[in-house]
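Q: Hey, dropping start-v1.tsv in here, TSV, N, CA and C atoms:
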chain	number	residue	atom	x	y	z
Z	1	MET	N	207.26	301.01	12.59
Z	1	MET	CA	207.63	302.40	12.46
Z	1	MET	C	207.53	302.82	11.00
Z	2	ALA	N	207.32	304.08	10.78
Z	2	ALA	CA	207.17	304.62	9.43
Z	2	ALA	C	208.53	304.94	8.82
Z	3	SER	N	208.56	305.02	7.49
Z	3	SER	CA	209.80	305.36	6.81
Z	3	SER	C	210.20	306.80	7.14
Z	4	VAL	N	211.49	307.07	7.03
Z	4	VAL	CA	212.05	308.37	7.36
Z	4	VAL	C	212.73	308.91	6.12
Z	5	LYS	N	212.05	309.84	5.42
Z	5	LYS	CA	212.59	310.34	4.16
Z	5	LYS	C	212.76	311.86	4.13
Z	6	THR	N	211.97	312.60	4.90
Z	6	THR	CA	212.04	314.06	4.86
Z	6	THR	C	212.70	314.59	6.13
Z	7	SER	N	213.02	315.88	6.12
Z	7	SER	CA	213.63	316.49	7.31
Z	7	SER	C	212.66	316.48	8.49
Z	8	VAL	N	211.37	316.60	8.22
Z	8	VAL	CA	210.36	316.53	9.29
Z	8	VAL	C	210.34	315.13	9.91
Z	9	ASP	N	210.41	314.09	9.06
Z	9	ASP	CA	210.46	312.71	9.55
Z	9	ASP	C	211.70	312.46	10.39
Z	10	ILE	N	212.83	312.99	9.93
Z	10	ILE	CA	214.10	312.81	10.64
Z	10	ILE	C	214.02	313.46	12.01
Z	11	GLU	N	213.51	314.69	12.07
Z	11	GLU	CA	213.41	315.39	13.35
Z	11	GLU	C	212.46	314.66	14.30
Z	12	ARG	N	211.34	314.20	13.80
Z	12	ARG	CA	210.36	313.49	14.63
Z	12	ARG	C	210.97	312.21	15.21
Z	13	SER	N	211.64	311.44	14.37
Z	13	SER	CA	212.24	310.19	14.82
Z	13	SER	C	213.37	310.45	15.82
Z	14	ALA	N	214.21	311.44	15.55
Z	14	ALA	CA	215.32	311.75	16.44
Z	14	ALA	C	214.82	312.23	17.80
Z	15	LYS	N	213.81	313.09	17.80
Z	15	LYS	CA	213.29	313.61	19.07
Z	15	LYS	C	212.63	312.50	19.88
Z	16	LYS	N	211.92	311.62	19.22
Z	16	LYS	CA	211.27	310.50	19.90
Z	16	LYS	C	212.33	309.59	20.57
Z	17	THR	N	213.42	309.36	19.87
Z	17	THR	CA	214.50	308.53	20.40
Z	17	THR	C	215.17	309.21	21.59
Z	18	VAL	N	215.47	310.50	21.46
Z	18	VAL	CA	216.11	311.24	22.55
Z	18	VAL	C	215.21	311.26	23.78
Z	19	GLU	N	213.92	311.44	23.60
Z	19	GLU	CA	212.99	311.43	24.73
Z	19	GLU	C	212.95	310.05	25.39
Z	20	ALA	N	213.06	308.99	24.61
Z	20	ALA	CA	213.08	307.64	25.18
Z	20	ALA	C	214.35	307.40	25.99
Z	21	LEU	N	215.46	307.98	25.54
Z	21	LEU	CA	216.75	307.77	26.22
Z	21	LEU	C	216.97	308.73	27.39
Z	22	TYR	N	216.57	309.98	27.26
Z	22	TYR	CA	216.92	311.02	28.24
Z	22	TYR	C	215.71	311.62	28.96
Z	23	GLY	N	214.51	311.17	28.65
Z	23	GLY	CA	213.32	311.69	29.30
Z	23	GLY	C	212.66	312.79	28.49
Z	24	THR	N	211.48	313.17	28.89
Z	24	THR	CA	210.70	314.15	28.13
Z	24	THR	C	210.98	315.59	28.55
Z	25	ASP	N	211.84	315.80	29.54
Z	25	ASP	CA	212.15	317.14	30.03
Z	25	ASP	C	213.36	317.73	29.29
Z	26	ILE	N	213.36	317.62	27.96
Z	26	ILE	CA	214.46	318.18	27.18
Z	26	ILE	C	214.09	319.56	26.68
Z	27	GLN	N	215.10	320.39	26.49
Z	27	GLN	CA	214.90	321.75	26.01
Z	27	GLN	C	215.86	322.02	24.86
Z	28	ASP	N	215.53	322.99	24.03
Z	28	ASP	CA	216.40	323.45	22.93
Z	28	ASP	C	216.89	322.31	22.05
Z	29	PHE	N	215.99	321.41	21.67
Z	29	PHE	CA	216.35	320.30	20.78
Z	29	PHE	C	216.67	320.85	19.40
Z	30	LYS	N	217.85	320.52	18.88
Z	30	LYS	CA	218.26	320.98	17.56
Z	30	LYS	C	218.99	319.87	16.82
Z	31	ILE	N	218.73	319.78	15.53
Z	31	ILE	CA	219.50	318.88	14.68
Z	31	ILE	C	220.69	319.67	14.15
Z	32	ARG	N	221.89	319.19	14.42
Z	32	ARG	CA	223.10	319.89	13.97
Z	32	ARG	C	223.43	319.54	12.52
Z	33	VAL	N	223.52	318.24	12.25
Z	33	VAL	CA	223.86	317.79	10.89
Z	33	VAL	C	223.12	316.50	10.57
Z	34	VAL	N	222.88	316.30	9.26
Z	34	VAL	CA	222.28	315.06	8.76
Z	34	VAL	C	223.09	314.63	7.56
Z	35	PHE	N	223.58	313.39	7.58
Z	35	PHE	CA	224.33	312.83	6.47
Z	35	PHE	C	223.66	311.54	6.00
Z	36	PRO	N	223.63	311.31	4.69
Z	36	PRO	CA	223.19	309.99	4.22
Z	36	PRO	C	224.28	308.98	4.55
Z	37	PHE	N	223.87	307.75	4.85
Z	37	PHE	CA	224.84	306.71	5.21
Z	37	PHE	C	224.48	305.41	4.52
Z	38	PRO	N	225.36	304.65	3.98
Z	38	PRO	CA	226.76	305.02	3.74
Z	38	PRO	C	226.84	305.95	2.54
Z	39	SER	N	227.86	306.73	2.50
Z	39	SER	CA	228.00	307.71	1.42
Z	39	SER	C	228.62	307.11	0.16
Z	40	GLU	N	229.30	305.98	0.27
Z	40	GLU	CA	229.97	305.36	-0.89
Z	40	GLU	C	229.00	304.57	-1.76
Z	41	ARG	N	228.04	303.90	-1.15
Z	41	ARG	CA	227.10	303.05	-1.89
Z	41	ARG	C	225.72	303.66	-1.83
Z	42	GLU	N	224.74	302.86	-2.15
Z	42	GLU	CA	223.36	303.33	-2.07
Z	42	GLU	C	222.99	303.60	-0.61
Z	43	MET	N	222.44	304.77	-0.38
Z	43	MET	CA	222.10	305.20	0.97
Z	43	MET	C	220.94	304.39	1.53
Z	44	ASP	N	221.07	303.94	2.80
Z	44	ASP	CA	219.97	303.23	3.43
Z	44	ASP	C	219.62	303.76	4.82
Z	45	SER	N	220.44	304.69	5.32
Z	45	SER	CA	220.23	305.24	6.65
Z	45	SER	C	220.60	306.71	6.69
Z	46	TRP	N	220.21	307.34	7.79
Z	46	TRP	CA	220.58	308.73	8.05
Z	46	TRP	C	221.48	308.77	9.29
Z	47	ASP	N	222.59	309.47	9.20
Z	47	ASP	CA	223.45	309.72	10.34
Z	47	ASP	C	223.09	311.12	10.84
Z	48	VAL	N	222.48	311.20	12.02
Z	48	VAL	CA	221.91	312.45	12.52
Z	48	VAL	C	222.59	312.83	13.84
Z	49	GLN	N	223.07	314.06	13.92
Z	49	GLN	CA	223.67	314.56	15.15
Z	49	GLN	C	222.76	315.63	15.73
Z	50	VAL	N	222.37	315.46	17.00
Z	50	VAL	CA	221.45	316.39	17.66
Z	50	VAL	C	222.08	316.94	18.93
Z	51	THR	N	221.61	318.14	19.34
Z	51	THR	CA	221.97	318.72	20.62
Z	51	THR	C	220.71	319.09	21.37
Z	52	PHE	N	220.78	319.07	22.69
Z	52	PHE	CA	219.64	319.43	23.53
Z	52	PHE	C	220.13	319.65	24.96
Z	53	LEU	N	219.28	320.26	25.77
Z	53	LEU	CA	219.59	320.51	27.17
Z	53	LEU	C	218.70	319.65	28.07
Z	54	VAL	N	219.29	319.11	29.13
Z	54	VAL	CA	218.57	318.44	30.20
Z	54	VAL	C	219.18	318.92	31.50
Z	55	ASP	N	218.38	319.53	32.36
Z	55	ASP	CA	218.86	320.07	33.64
Z	55	ASP	C	220.08	320.96	33.46
Z	56	SER	N	220.04	321.86	32.49
Z	56	SER	CA	221.10	322.83	32.20
Z	56	SER	C	222.42	322.19	31.76
Z	57	ILE	N	222.38	320.96	31.33
Z	57	ILE	CA	223.54	320.28	30.76
Z	57	ILE	C	223.25	320.06	29.28
Z	58	GLN	N	224.21	320.42	28.42
Z	58	GLN	CA	224.03	320.23	26.98
Z	58	GLN	C	224.59	318.87	26.56
Z	59	TYR	N	223.79	318.14	25.81
Z	59	TYR	CA	224.17	316.83	25.29
Z	59	TYR	C	224.27	316.92	23.77
Z	60	THR	N	225.22	316.21	23.21
Z	60	THR	CA	225.33	316.02	21.76
Z	60	THR	C	225.29	314.51	21.53
Z	61	VAL	N	224.33	314.07	20.73
Z	61	VAL	CA	224.11	312.64	20.52
Z	61	VAL	C	224.08	312.36	19.02
Z	62	ASP	N	224.70	311.27	18.61
Z	62	ASP	CA	224.71	310.82	17.23
Z	62	ASP	C	223.76	309.63	17.10
Z	63	LEU	N	222.86	309.69	16.12
Z	63	LEU	CA	221.87	308.63	15.89
Z	63	LEU	C	221.99	308.09	14.48
Z	64	MET	N	221.84	306.80	14.32
Z	64	MET	CA	221.77	306.17	13.01
Z	64	MET	C	220.34	305.68	12.82
Z	65	ILE	N	219.62	306.28	11.86
Z	65	ILE	CA	218.20	306.00	11.65
Z	65	ILE	C	218.02	305.36	10.28
Z	66	GLU	N	217.46	304.14	10.23
Z	66	GLU	CA	217.19	303.48	8.95
Z	66	GLU	C	216.11	304.21	8.18
Z	67	GLU	N	216.33	304.44	6.90
Z	67	GLU	CA	215.36	305.18	6.08
Z	67	GLU	C	214.06	304.41	5.89
Z	68	LYS	N	214.12	303.12	5.58
Z	68	LYS	CA	212.91	302.35	5.28
Z	68	LYS	C	212.02	302.12	6.48
Z	69	SER	N	212.62	301.77	7.61
Z	69	SER	CA	211.82	301.39	8.78
Z	69	SER	C	211.72	302.48	9.84
Z	70	GLY	N	212.63	303.44	9.83
Z	70	GLY	CA	212.65	304.46	10.88
Z	70	GLY	C	213.27	303.96	12.17
Z	71	GLN	N	213.79	302.75	12.16
Z	71	GLN	CA	214.39	302.16	13.35
Z	71	GLN	C	215.75	302.80	13.62
Z	72	VAL	N	216.02	303.11	14.88
Z	72	VAL	CA	217.33	303.64	15.28
Z	72	VAL	C	218.22	302.45	15.59
Z	73	THR	N	219.28	302.30	14.82
Z	73	THR	CA	220.17	301.15	14.97
Z	73	THR	C	221.37	301.45	15.85
Z	74	ASN	N	221.65	302.75	16.09
Z	74	ASN	CA	222.77	303.11	16.94
Z	74	ASN	C	222.53	304.49	17.53
Z	75	ALA	N	222.79	304.64	18.81
Z	75	ALA	CA	222.73	305.94	19.48
Z	75	ALA	C	223.99	306.07	20.31
Z	76	ARG	N	224.69	307.20	20.13
Z	76	ARG	CA	225.99	307.36	20.79
Z	76	ARG	C	226.11	308.76	21.36
Z	77	LEU	N	226.46	308.84	22.64
Z	77	LEU	CA	226.70	310.14	23.27
Z	77	LEU	C	228.07	310.63	22.82
Z	78	ILE	N	228.10	311.81	22.21
Z	78	ILE	CA	229.35	312.39	21.73
Z	78	ILE	C	229.93	313.35	22.77
Z	79	ASP	N	229.07	314.17	23.39
Z	79	ASP	CA	229.57	315.18	24.32
Z	79	ASP	C	228.51	315.52	25.34
Z	80	LYS	N	228.96	315.84	26.54
Z	80	LYS	CA	228.09	316.28	27.63
Z	80	LYS	C	228.85	317.40	28.34
Z	81	MET	N	228.24	318.61	28.39
Z	81	MET	CA	228.96	319.75	28.96
Z	81	MET	C	228.00	320.77	29.54
Z	82	THR	N	228.52	321.64	30.38
Z	82	THR	CA	227.77	322.78	30.87
Z	82	THR	C	227.97	323.91	29.88
Z	83	PRO	N	226.89	324.40	29.26
Z	83	PRO	CA	227.05	325.47	28.27
Z	83	PRO	C	227.55	326.76	28.91
Z	84	LEU	N	228.27	327.54	28.12
Z	84	LEU	CA	228.80	328.82	28.61
Z	84	LEU	C	227.72	329.86	28.72
How does this structure look as structure tokens?

A:
Amino acid sequence: MASVKTSVDIERSAKKTVEALYGTDIQDFKIRVVFPFPSEREMDSWDVQVTFLVDSIQYTVDLMIEEKSGQVTNARLIDKMTPL
């Protein structure tokens, strides 16, 4: 995998991961926040929170993406709800 350094790289990697986990029928994919990780020492990963819709259900997922390799080391479902 390629390194992930720019916002375009982050979005591409996050969307690819979400499609692998939830399928390619996602809609309204958005990156909510991006934080460098860890924040205390030298940064080596991106903590990325994304939202998207699948079958009219909104998902919020947190991803940990390594900067050098682009590998996703952690994916966690934060919220699943029917949007208003």

Q: List every protein, DNA or RNA residue with an atom no more than 10 Å from (228.2, 328.6, 30.4) in the file's coordinates, counting only C-alpha atoms, and format the result as a list of chain:residue names.

A: Z:Ser56, Z:Ile57, Z:Gln58, Z:Met81, Z:Thr82, Z:Pro83, Z:Leu84

Q: Report, in Å with one decimal, the straight-line distance from atom CA of Asp25 of chain Z to atom CA of Lys68 of chain Z.

A: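 So the answer is 28.8 Å.
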
Q: Mind checking which residues fall within 8 Å of Ile31 of chain Z, counting all atoms listed in the file, ignoring those fewer than 3 positions away in the same chain, and posting them as a PDB file with N, CA and C atoms, in the frame of the given file?

A:
ATOM      1  N   GLU Z  11     213.510 314.690  12.070  1.00  0.00           N
ATOM      2  CA  GLU Z  11     213.410 315.390  13.350  1.00  0.00           C
ATOM      3  C   GLU Z  11     212.460 314.660  14.300  1.00  0.00           C
ATOM      4  N   ASP Z  28     215.530 322.990  24.030  1.00  0.00           N
ATOM      5  CA  ASP Z  28     216.400 323.450  22.930  1.00  0.00           C
ATOM      6  C   ASP Z  28     216.890 322.310  22.050  1.00  0.00           C
ATOM      7  N   VAL Z  34     222.880 316.300   9.260  1.00  0.00           N
ATOM      8  CA  VAL Z  34     222.280 315.060   8.760  1.00  0.00           C
ATOM      9  C   VAL Z  34     223.090 314.630   7.560  1.00  0.00           C
ATOM     10  N   VAL Z  48     222.480 311.200  12.020  1.00  0.00           N
ATOM     11  CA  VAL Z  48     221.910 312.450  12.520  1.00  0.00           C
ATOM     12  C   VAL Z  48     222.590 312.830  13.840  1.00  0.00           C
ATOM     13  N   GLN Z  49     223.070 314.060  13.920  1.00  0.00           N
ATOM     14  CA  GLN Z  49     223.670 314.560  15.150  1.00  0.00           C
ATOM     15  C   GLN Z  49     222.760 315.630  15.730  1.00  0.00           C
ATOM     16  N   VAL Z  50     222.370 315.460  17.000  1.00  0.00           N
ATOM     17  CA  VAL Z  50     221.450 316.390  17.660  1.00  0.00           C
ATOM     18  C   VAL Z  50     222.080 316.940  18.930  1.00  0.00           C
ATOM     19  N   THR Z  51     221.610 318.140  19.340  1.00  0.00           N
ATOM     20  CA  THR Z  51     221.970 318.720  20.620  1.00  0.00           C
ATOM     21  C   THR Z  51     220.710 319.090  21.370  1.00  0.00           C
ATOM     22  N   PHE Z  52     220.780 319.070  22.690  1.00  0.00           N
ATOM     23  CA  PHE Z  52     219.640 319.430  23.530  1.00  0.00           C
ATOM     24  C   PHE Z  52     220.130 319.650  24.960  1.00  0.00           C
TER      25      PHE Z  52
END

Q: Starting from the point (222.1, 306.8, 9.6), work out which residues of protein, DNA or RNA have an atom no more than 10 Å away when counting only C-alpha atoms; state them as an NGL selection string.

A: :Z and (34-38 or 43-49 or 62-67 or 70-75)

Q: Out of Z:Val33, Z:Ile26, Z:Ala20, Z:Thr60, which residue has the shortest atom-to-atom distance to Ser7 of chain Z when counting only C-alpha atoms?

A: Z:Val33

Q: Just the number, please: distance in Å from atom CA of Gln27 of chain Z to atom CA of Arg12 of chain Z, one decimal.

A: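 Distance between the two atoms: 14.8 Å.
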
Q: Suppose you want the space between atom N of Ala14 of chain Z and atom CA of Lys80 of chain Z; what is it in Å?

A: 19.0 Å

Q: Going by DSSP on the backbone, which residues of chain Z come out as strand (DSSP E or B)? List them as an NGL selection string.

A: :Z and (27-37 or 45-54 or 57-66 or 72-81)

Q: How would you write, as a short mmCIF file (atom, residue, chain, number, x, y, z; two decimals) with N, CA and C atoms, in the coordinates of the input, the set of residues in chain Z that DSSP gives as helix (DSSP H, G or I)?

A:
data_model
loop_
_atom_site.label_atom_id
_atom_site.label_comp_id
_atom_site.auth_asym_id
_atom_site.auth_seq_id
_atom_site.Cartn_x
_atom_site.Cartn_y
_atom_site.Cartn_z
N SER Z 7 213.02 315.88 6.12
CA SER Z 7 213.63 316.49 7.31
C SER Z 7 212.66 316.48 8.49
N VAL Z 8 211.37 316.60 8.22
CA VAL Z 8 210.36 316.53 9.29
C VAL Z 8 210.34 315.13 9.91
N ASP Z 9 210.41 314.09 9.06
CA ASP Z 9 210.46 312.71 9.55
C ASP Z 9 211.70 312.46 10.39
N ILE Z 10 212.83 312.99 9.93
CA ILE Z 10 214.10 312.81 10.64
C ILE Z 10 214.02 313.46 12.01
N GLU Z 11 213.51 314.69 12.07
CA GLU Z 11 213.41 315.39 13.35
C GLU Z 11 212.46 314.66 14.30
N ARG Z 12 211.34 314.20 13.80
CA ARG Z 12 210.36 313.49 14.63
C ARG Z 12 210.97 312.21 15.21
N SER Z 13 211.64 311.44 14.37
CA SER Z 13 212.24 310.19 14.82
C SER Z 13 213.37 310.45 15.82
N ALA Z 14 214.21 311.44 15.55
CA ALA Z 14 215.32 311.75 16.44
C ALA Z 14 214.82 312.23 17.80
N LYS Z 15 213.81 313.09 17.80
CA LYS Z 15 213.29 313.61 19.07
C LYS Z 15 212.63 312.50 19.88
N LYS Z 16 211.92 311.62 19.22
CA LYS Z 16 211.27 310.50 19.90
C LYS Z 16 212.33 309.59 20.57
N THR Z 17 213.42 309.36 19.87
CA THR Z 17 214.50 308.53 20.40
C THR Z 17 215.17 309.21 21.59
N VAL Z 18 215.47 310.50 21.46
CA VAL Z 18 216.11 311.24 22.55
C VAL Z 18 215.21 311.26 23.78
N GLU Z 19 213.92 311.44 23.60
CA GLU Z 19 212.99 311.43 24.73
C GLU Z 19 212.95 310.05 25.39
N ALA Z 20 213.06 308.99 24.61
CA ALA Z 20 213.08 307.64 25.18
C ALA Z 20 214.35 307.40 25.99
N LEU Z 21 215.46 307.98 25.54
CA LEU Z 21 216.75 307.77 26.22
C LEU Z 21 216.97 308.73 27.39
N TYR Z 22 216.57 309.98 27.26
CA TYR Z 22 216.92 311.02 28.24
C TYR Z 22 215.71 311.62 28.96
#

Q: With distances taken over only N, CA and C atoms, which residue among Z:Ile78, Z:Tyr59, Z:Leu53, Z:Ser3 lies nearest Phe29 of chain Z?

A: Z:Leu53

Q: Centre and edge lengths, as AutoDock Vina command-line options, for the axis-aligned box enclosing every listed atom of segment 16-24 of chain Z with 5 Å of padding on each of the six sides, in Å to one decimal?

A:
--center_x 213.8 --center_y 311.5 --center_z 24.3 --size_x 16.3 --size_y 18.2 --size_z 20.1
